[in-house]
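What follows is a single structure, written as structure tokens, with notes after it.
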Amino acid sequence: MSRRNERGVYIDPSGNKTFIPLENNPAVFTELTHRLGVSPKLAFYDIYSLDDPDLLSLIPKPVHALIFISPADVYHRVRKADGGTKELTYTGAGDQEPVIWFKQTIGHACGLIALLHSVSNGSAKEFITPGSTLDKLLREATPLKPLPRAEVLYDSDELEKAHMAVAFKGDSVAPLAAEPNGYHFISFVRGKDGHLYELEGSWDGPIDRGMMESGEDVLGEKALDAGIRRFVRAAEGNLEMSMIALCTKPEGDQ
């Protein structure tokens, strides 16, 4: 039987820490981002269309990262076409990695891992407050290979506190940590090498989706075609998906 600690974190029968899943809500993700030490100049925004110019124009620029939530069946269709494996093969470590990638070892923390991937890579990294929780986590984790790096997150009391402080917020009733979760949170970021990377903690490492156009952000046409639109095409009409964008807030909103 699972047991729960004073913060609502579940420990499953095998002894693994399991969080309450985050709702894919821009306000929830924005609050957690700020709690971890990212500048209030950044915020998450809903994306309502990938094709309607008027709706896309509502997303502030620049867009630093995208988080896409895929139903399990769509996710597995894309992964089957990709090949690869869930078995860990990635061994990258250190500042020379084009992206920092986190293996997920905390149950139901795929939303948290997607958030960490989004704010720890690309241009968003410039907005991390020195000495903050996130800054300290990255300084400790970056030199390490994937499993020791994952342990840094797993053992972080401050990360657990921040997650659980927002886990019950949102527009829907938060599911219990012990409940099954059929969705995958995937982050899309620009790497140091100018490539688009698809980052998800339950796969075997970062997925390189190819070179982005010069001056293009992750909401650009080439990046969307190489990334999120692959899932949309595989959905075959399934609309149980959502997207949020990490952006610099407009001047009047800061």
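Here, A, B, ... name the chains of the structure tokens in the order displayed, residue numbers run from 1 inside each chain, and ligands are numbered from 1 in the same displayed order.
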Range 10-135 of chain A: which residues are strand (DSSP E or B) by DSSP, as a ChimeraX atom specification? /A:10-11,17-18,38,42-46,63-71,107,128
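Proximity to Glu216 in chain A at 12 Å, evaluated using only C-alpha atoms and with sequence-adjacent residues fewer than 4 positions away removed, yields Lys61, Pro62, Val63, His64, Ala65, Val189, Arg190, Gly194, His195, Leu196, Met211, Met212, Gly220, Glu221, Lys222, Ala223 and Leu224 of chain A.
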Write the residues of the selection above to a file with N, CA, C and O atoms, as a PDB file, in the first residue's frame.
```pdb
ATOM      1  N   LYS A  61       6.447  37.308 -27.859  1.00  0.00           N
ATOM      2  CA  LYS A  61       7.768  36.922 -28.369  1.00  0.00           C
ATOM      3  C   LYS A  61       8.859  37.542 -27.489  1.00  0.00           C
ATOM      4  O   LYS A  61       8.662  38.634 -26.954  1.00  0.00           O
ATOM      5  N   PRO A  62       9.996  36.894 -27.333  1.00  0.00           N
ATOM      6  CA  PRO A  62      10.326  35.601 -27.923  1.00  0.00           C
ATOM      7  C   PRO A  62       9.729  34.433 -27.130  1.00  0.00           C
ATOM      8  O   PRO A  62       9.403  34.567 -25.956  1.00  0.00           O
ATOM      9  N   VAL A  63       9.598  33.291 -27.827  1.00  0.00           N
ATOM     10  CA  VAL A  63       9.167  32.042 -27.190  1.00  0.00           C
ATOM     11  C   VAL A  63      10.420  31.230 -26.881  1.00  0.00           C
ATOM     12  O   VAL A  63      11.165  30.860 -27.783  1.00  0.00           O
ATOM     13  N   HIS A  64      10.660  30.968 -25.608  1.00  0.00           N
ATOM     14  CA  HIS A  64      11.885  30.285 -25.183  1.00  0.00           C
ATOM     15  C   HIS A  64      11.758  28.761 -25.217  1.00  0.00           C
ATOM     16  O   HIS A  64      12.757  28.055 -25.399  1.00  0.00           O
ATOM     17  N   ALA A  65      10.548  28.248 -24.988  1.00  0.00           N
ATOM     18  CA  ALA A  65      10.344  26.801 -24.945  1.00  0.00           C
ATOM     19  C   ALA A  65       8.863  26.509 -25.104  1.00  0.00           C
ATOM     20  O   ALA A  65       8.007  27.371 -24.854  1.00  0.00           O
ATOM     21  N   VAL A 189      12.989  22.729 -26.951  1.00  0.00           N
ATOM     22  CA  VAL A 189      13.889  23.855 -26.692  1.00  0.00           C
ATOM     23  C   VAL A 189      14.920  23.952 -27.810  1.00  0.00           C
ATOM     24  O   VAL A 189      15.144  22.998 -28.557  1.00  0.00           O
ATOM     25  N   ARG A 190      15.561  25.098 -27.892  1.00  0.00           N
ATOM     26  CA  ARG A 190      16.680  25.282 -28.819  1.00  0.00           C
ATOM     27  C   ARG A 190      17.975  24.981 -28.081  1.00  0.00           C
ATOM     28  O   ARG A 190      18.244  25.529 -27.008  1.00  0.00           O
ATOM     29  N   GLY A 194      22.051  25.165 -31.948  1.00  0.00           N
ATOM     30  CA  GLY A 194      21.058  25.655 -32.889  1.00  0.00           C
ATOM     31  C   GLY A 194      20.047  24.626 -33.336  1.00  0.00           C
ATOM     32  O   GLY A 194      19.203  24.912 -34.187  1.00  0.00           O
ATOM     33  N   HIS A 195      20.093  23.422 -32.762  1.00  0.00           N
ATOM     34  CA  HIS A 195      19.142  22.371 -33.107  1.00  0.00           C
ATOM     35  C   HIS A 195      17.925  22.434 -32.195  1.00  0.00           C
ATOM     36  O   HIS A 195      18.000  22.913 -31.061  1.00  0.00           O
ATOM     37  N   LEU A 196      16.794  21.929 -32.705  1.00  0.00           N
ATOM     38  CA  LEU A 196      15.599  21.743 -31.893  1.00  0.00           C
ATOM     39  C   LEU A 196      15.714  20.420 -31.154  1.00  0.00           C
ATOM     40  O   LEU A 196      16.007  19.385 -31.761  1.00  0.00           O
ATOM     41  N   MET A 211      18.397  21.020 -37.242  1.00  0.00           N
ATOM     42  CA  MET A 211      18.760  22.430 -37.181  1.00  0.00           C
ATOM     43  C   MET A 211      17.537  23.323 -37.363  1.00  0.00           C
ATOM     44  O   MET A 211      16.706  23.087 -38.233  1.00  0.00           O
ATOM     45  N   MET A 212      17.454  24.345 -36.513  1.00  0.00           N
ATOM     46  CA  MET A 212      16.408  25.349 -36.649  1.00  0.00           C
ATOM     47  C   MET A 212      16.859  26.439 -37.603  1.00  0.00           C
ATOM     48  O   MET A 212      18.052  26.608 -37.857  1.00  0.00           O
ATOM     49  N   GLY A 220       8.458  28.707 -34.455  1.00  0.00           N
ATOM     50  CA  GLY A 220       8.609  28.915 -35.891  1.00  0.00           C
ATOM     51  C   GLY A 220       8.123  27.715 -36.681  1.00  0.00           C
ATOM     52  O   GLY A 220       7.999  26.599 -36.157  1.00  0.00           O
ATOM     53  N   GLU A 221       7.862  27.934 -37.976  1.00  0.00           N
ATOM     54  CA  GLU A 221       7.271  26.887 -38.815  1.00  0.00           C
ATOM     55  C   GLU A 221       8.140  25.632 -38.901  1.00  0.00           C
ATOM     56  O   GLU A 221       7.651  24.515 -38.782  1.00  0.00           O
ATOM     57  N   LYS A 222       9.433  25.803 -39.116  1.00  0.00           N
ATOM     58  CA  LYS A 222      10.304  24.628 -39.246  1.00  0.00           C
ATOM     59  C   LYS A 222      10.363  23.854 -37.939  1.00  0.00           C
ATOM     60  O   LYS A 222      10.329  22.611 -37.937  1.00  0.00           O
ATOM     61  N   ALA A 223      10.443  24.575 -36.820  1.00  0.00           N
ATOM     62  CA  ALA A 223      10.493  23.915 -35.518  1.00  0.00           C
ATOM     63  C   ALA A 223       9.188  23.180 -35.225  1.00  0.00           C
ATOM     64  O   ALA A 223       9.198  22.051 -34.700  1.00  0.00           O
ATOM     65  N   LEU A 224       8.066  23.767 -35.555  1.00  0.00           N
ATOM     66  CA  LEU A 224       6.775  23.111 -35.327  1.00  0.00           C
ATOM     67  C   LEU A 224       6.645  21.856 -36.183  1.00  0.00           C
ATOM     68  O   LEU A 224       6.164  20.819 -35.715  1.00  0.00           O
TER      69      LEU A 224
END
```
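Distance check against Pro21 in chain A using only C-alpha atoms: of A:Arg35, A:His163, A:Lys145, A:His76, the minimum falls on A:His163.
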What parts of range 15-114 of chain A does DSSP call alpha helix (DSSP H)? I'd like the answer as a ChimeraX atom specification. /A:26-36,53-56,72-82,110-114
Near-Cys247 in chain A list (10 Å; only C-alpha atoms; drop same-chain fewer than 2 positions) as number ranges by chain: A: 41-45, 59-66, 124, 244-245, 249-250
Write to file, as a CSV table (one decimal), in the first residue's frame, the residues of the selection just made, with C-alpha atoms.
```
chain,number,residue,atom,x,y,z
A,41,LYS,CA,9.9,38.5,-16.7
A,42,LEU,CA,9.0,35.0,-18.0
A,43,ALA,CA,5.6,33.4,-18.0
A,44,PHE,CA,3.7,30.5,-19.6
A,45,TYR,CA,0.9,31.1,-22.1
A,59,ILE,CA,1.7,34.5,-28.0
A,60,PRO,CA,4.3,37.0,-26.8
A,61,LYS,CA,7.8,36.9,-28.4
A,62,PRO,CA,10.3,35.6,-27.9
A,63,VAL,CA,9.2,32.0,-27.2
A,64,HIS,CA,11.9,30.3,-25.2
A,65,ALA,CA,10.3,26.8,-24.9
A,66,LEU,CA,7.2,24.8,-25.6
A,124,ALA,CA,15.4,30.9,-20.8
A,244,ILE,CA,1.8,26.1,-23.5
A,245,ALA,CA,4.7,28.4,-24.4
A,249,LYS,CA,6.2,38.9,-20.8
A,250,PRO,CA,5.2,42.0,-22.8
```
Which residues of range 108-210 of chain A come within 9 Å of range 92-103 of chain A, and what is each one's closest atom pair and distance in Å (one decimal), counting only C-alpha atoms, sorted by chain and residue number, as JSON lines?
```
{"residue": "A:Ile113", "atom": "CA", "partner": "A:Phe102", "partner_atom": "CA", "distance": 7.0}
{"residue": "A:Leu116", "atom": "CA", "partner": "A:Phe102", "partner_atom": "CA", "distance": 8.3}
{"residue": "A:His117", "atom": "CA", "partner": "A:Trp101", "partner_atom": "CA", "distance": 6.6}
{"residue": "A:Ser120", "atom": "CA", "partner": "A:Ile100", "partner_atom": "CA", "distance": 7.1}
{"residue": "A:Asn121", "atom": "CA", "partner": "A:Val99", "partner_atom": "CA", "distance": 6.0}
{"residue": "A:Gly122", "atom": "CA", "partner": "A:Val99", "partner_atom": "CA", "distance": 7.7}
{"residue": "A:Leu138", "atom": "CA", "partner": "A:Ile100", "partner_atom": "CA", "distance": 9.0}
{"residue": "A:Ala141", "atom": "CA", "partner": "A:Gly94", "partner_atom": "CA", "distance": 8.6}
{"residue": "A:Thr142", "atom": "CA", "partner": "A:Gly94", "partner_atom": "CA", "distance": 5.2}
{"residue": "A:Pro143", "atom": "CA", "partner": "A:Gly94", "partner_atom": "CA", "distance": 4.1}
{"residue": "A:Leu144", "atom": "CA", "partner": "A:Ala93", "partner_atom": "CA", "distance": 5.3}
{"residue": "A:Lys145", "atom": "CA", "partner": "A:Ala93", "partner_atom": "CA", "distance": 4.9}
{"residue": "A:Pro146", "atom": "CA", "partner": "A:Lys103", "partner_atom": "CA", "distance": 6.1}
{"residue": "A:Leu147", "atom": "CA", "partner": "A:Lys103", "partner_atom": "CA", "distance": 6.9}
{"residue": "A:Arg149", "atom": "CA", "partner": "A:Phe102", "partner_atom": "CA", "distance": 6.9}
{"residue": "A:Ala150", "atom": "CA", "partner": "A:Lys103", "partner_atom": "CA", "distance": 5.6}
{"residue": "A:Leu153", "atom": "CA", "partner": "A:Phe102", "partner_atom": "CA", "distance": 8.6}
{"residue": "A:Val189", "atom": "CA", "partner": "A:Val99", "partner_atom": "CA", "distance": 8.4}
{"residue": "A:Arg190", "atom": "CA", "partner": "A:Val99", "partner_atom": "CA", "distance": 8.1}
{"residue": "A:Gly191", "atom": "CA", "partner": "A:Pro98", "partner_atom": "CA", "distance": 5.0}
{"residue": "A:Lys192", "atom": "CA", "partner": "A:Pro98", "partner_atom": "CA", "distance": 4.7}
{"residue": "A:Asp193", "atom": "CA", "partner": "A:Pro98", "partner_atom": "CA", "distance": 5.8}
{"residue": "A:Gly194", "atom": "CA", "partner": "A:Pro98", "partner_atom": "CA", "distance": 8.5}
{"residue": "A:His195", "atom": "CA", "partner": "A:Pro98", "partner_atom": "CA", "distance": 8.4}
{"residue": "A:Tyr197", "atom": "CA", "partner": "A:Val99", "partner_atom": "CA", "distance": 7.8}
{"residue": "A:Leu199", "atom": "CA", "partner": "A:Trp101", "partner_atom": "CA", "distance": 6.8}
{"residue": "A:Glu200", "atom": "CA", "partner": "A:Phe102", "partner_atom": "CA", "distance": 7.8}
{"residue": "A:Gly201", "atom": "CA", "partner": "A:Lys103", "partner_atom": "CA", "distance": 4.5}
{"residue": "A:Ser202", "atom": "CA", "partner": "A:Lys103", "partner_atom": "CA", "distance": 6.4}
{"residue": "A:Trp203", "atom": "CA", "partner": "A:Lys103", "partner_atom": "CA", "distance": 7.8}
{"residue": "A:Asp204", "atom": "CA", "partner": "A:Lys103", "partner_atom": "CA", "distance": 8.0}
{"residue": "A:Gly205", "atom": "CA", "partner": "A:Trp101", "partner_atom": "CA", "distance": 6.8}
{"residue": "A:Pro206", "atom": "CA", "partner": "A:Trp101", "partner_atom": "CA", "distance": 6.4}
```
Would you write out those residues with N, CA and C atoms, as a tab-separated table (two decimals), in the first residue's frame?
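Final output, again.tsv:
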```
chain	number	residue	atom	x	y	z
A	113	ILE	N	9.42	17.78	-14.77
A	113	ILE	CA	10.61	17.57	-15.59
A	113	ILE	C	10.53	18.40	-16.87
A	116	LEU	N	11.42	21.90	-15.92
A	116	LEU	CA	12.86	22.04	-15.70
A	116	LEU	C	13.62	22.06	-17.03
A	117	HIS	N	13.23	21.18	-17.96
A	117	HIS	CA	13.87	21.19	-19.27
A	117	HIS	C	13.67	22.54	-19.97
A	120	SER	N	15.76	25.44	-18.12
A	120	SER	CA	17.19	25.17	-17.91
A	120	SER	C	17.99	25.15	-19.20
A	121	ASN	N	17.31	25.37	-20.33
A	121	ASN	CA	17.96	25.31	-21.63
A	121	ASN	C	17.65	26.56	-22.45
A	122	GLY	N	18.42	26.73	-23.52
A	122	GLY	CA	18.16	27.81	-24.45
A	122	GLY	C	18.22	29.18	-23.80
A	138	LEU	N	21.09	23.30	-10.79
A	138	LEU	CA	21.81	23.16	-12.05
A	138	LEU	C	23.32	23.12	-11.84
A	141	ALA	N	23.90	19.61	-10.67
A	141	ALA	CA	23.52	18.53	-11.58
A	141	ALA	C	24.27	18.52	-12.90
A	142	THR	N	24.61	19.68	-13.43
A	142	THR	CA	25.17	19.78	-14.78
A	142	THR	C	26.42	18.91	-14.99
A	143	PRO	N	27.37	18.87	-14.06
A	143	PRO	CA	28.57	18.06	-14.32
A	143	PRO	C	28.34	16.55	-14.28
A	144	LEU	N	27.17	16.11	-13.83
A	144	LEU	CA	26.92	14.69	-13.57
A	144	LEU	C	26.30	13.99	-14.77
A	145	LYS	N	26.51	12.67	-14.83
A	145	LYS	CA	25.85	11.84	-15.82
A	145	LYS	C	24.39	11.62	-15.40
A	146	PRO	N	23.54	11.08	-16.30
A	146	PRO	CA	22.11	11.09	-16.07
A	146	PRO	C	21.60	10.53	-14.74
A	147	LEU	N	22.08	9.38	-14.30
A	147	LEU	CA	21.52	8.81	-13.07
A	147	LEU	C	21.91	9.61	-11.82
A	149	ARG	N	22.63	12.69	-11.83
A	149	ARG	CA	21.92	13.96	-12.03
A	149	ARG	C	20.46	13.82	-11.58
A	150	ALA	N	19.84	12.70	-11.93
A	150	ALA	CA	18.46	12.46	-11.49
A	150	ALA	C	18.35	12.39	-9.98
A	153	LEU	N	17.79	15.77	-8.31
A	153	LEU	CA	16.38	16.19	-8.29
A	153	LEU	C	15.58	15.38	-7.28
A	189	VAL	N	12.99	22.73	-26.95
A	189	VAL	CA	13.89	23.85	-26.69
A	189	VAL	C	14.92	23.95	-27.81
A	190	ARG	N	15.56	25.10	-27.89
A	190	ARG	CA	16.68	25.28	-28.82
A	190	ARG	C	17.97	24.98	-28.08
A	191	GLY	N	18.80	24.09	-28.63
A	191	GLY	CA	20.06	23.74	-28.01
A	191	GLY	C	21.15	24.74	-28.32
A	192	LYS	N	22.27	24.61	-27.64
A	192	LYS	CA	23.41	25.49	-27.88
A	192	LYS	C	23.93	25.38	-29.31
A	193	ASP	N	23.65	24.25	-29.96
A	193	ASP	CA	24.13	24.01	-31.32
A	193	ASP	C	23.14	24.49	-32.37
A	194	GLY	N	22.05	25.16	-31.95
A	194	GLY	CA	21.06	25.66	-32.89
A	194	GLY	C	20.05	24.63	-33.34
A	195	HIS	N	20.09	23.42	-32.76
A	195	HIS	CA	19.14	22.37	-33.11
A	195	HIS	C	17.93	22.43	-32.20
A	197	TYR	N	15.48	20.45	-29.84
A	197	TYR	CA	15.54	19.23	-29.05
A	197	TYR	C	14.19	18.96	-28.39
A	199	LEU	N	12.63	16.97	-25.36
A	199	LEU	CA	13.14	16.49	-24.08
A	199	LEU	C	12.00	15.93	-23.24
A	200	GLU	N	12.22	14.69	-22.81
A	200	GLU	CA	11.21	14.01	-22.00
A	200	GLU	C	11.92	12.98	-21.13
A	201	GLY	N	11.63	13.01	-19.83
A	201	GLY	CA	12.42	12.25	-18.87
A	201	GLY	C	12.23	10.76	-18.85
A	202	SER	N	11.21	10.23	-19.56
A	202	SER	CA	11.01	8.78	-19.56
A	202	SER	C	11.62	8.11	-20.78
A	203	TRP	N	12.24	8.90	-21.69
A	203	TRP	CA	12.88	8.32	-22.86
A	203	TRP	C	14.36	8.07	-22.56
A	204	ASP	N	15.14	7.71	-23.58
A	204	ASP	CA	16.53	7.30	-23.33
A	204	ASP	C	17.52	8.45	-23.42
A	205	GLY	N	17.02	9.67	-23.63
A	205	GLY	CA	17.89	10.83	-23.71
A	205	GLY	C	17.26	11.90	-24.57
A	206	PRO	N	17.96	13.01	-24.83
A	206	PRO	CA	17.42	14.06	-25.69
A	206	PRO	C	17.22	13.55	-27.12
```
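Those residues that approach Asn238 in chain A to within 9 Å, counting only C-alpha atoms, are A:Pro71, A:Val74, A:Val232, A:Ala234; same-chain residues fewer than 4 positions away are not listed.
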Emit the selected residues as a tab-separated table (two decimals), in the first residue's frame, including N, CA and C atoms.
```
chain	number	residue	atom	x	y	z
A	71	PRO	N	-1.61	12.60	-25.25
A	71	PRO	CA	-2.22	11.37	-24.75
A	71	PRO	C	-1.29	10.19	-25.00
A	74	VAL	N	-1.16	8.58	-28.62
A	74	VAL	CA	-0.47	9.41	-29.62
A	74	VAL	C	1.04	9.38	-29.39
A	232	VAL	N	0.63	15.99	-33.59
A	232	VAL	CA	-0.70	16.37	-34.08
A	232	VAL	C	-1.11	15.45	-35.24
A	234	ALA	N	-0.04	12.43	-35.79
A	234	ALA	CA	-0.23	11.08	-35.26
A	234	ALA	C	-1.51	10.96	-34.44
```
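Shortest atom-to-atom contact with Leu56 in chain A among A:Val28, A:Leu134, A:Met243, A:Ile69: A:Met243, counting only C-alpha atoms.
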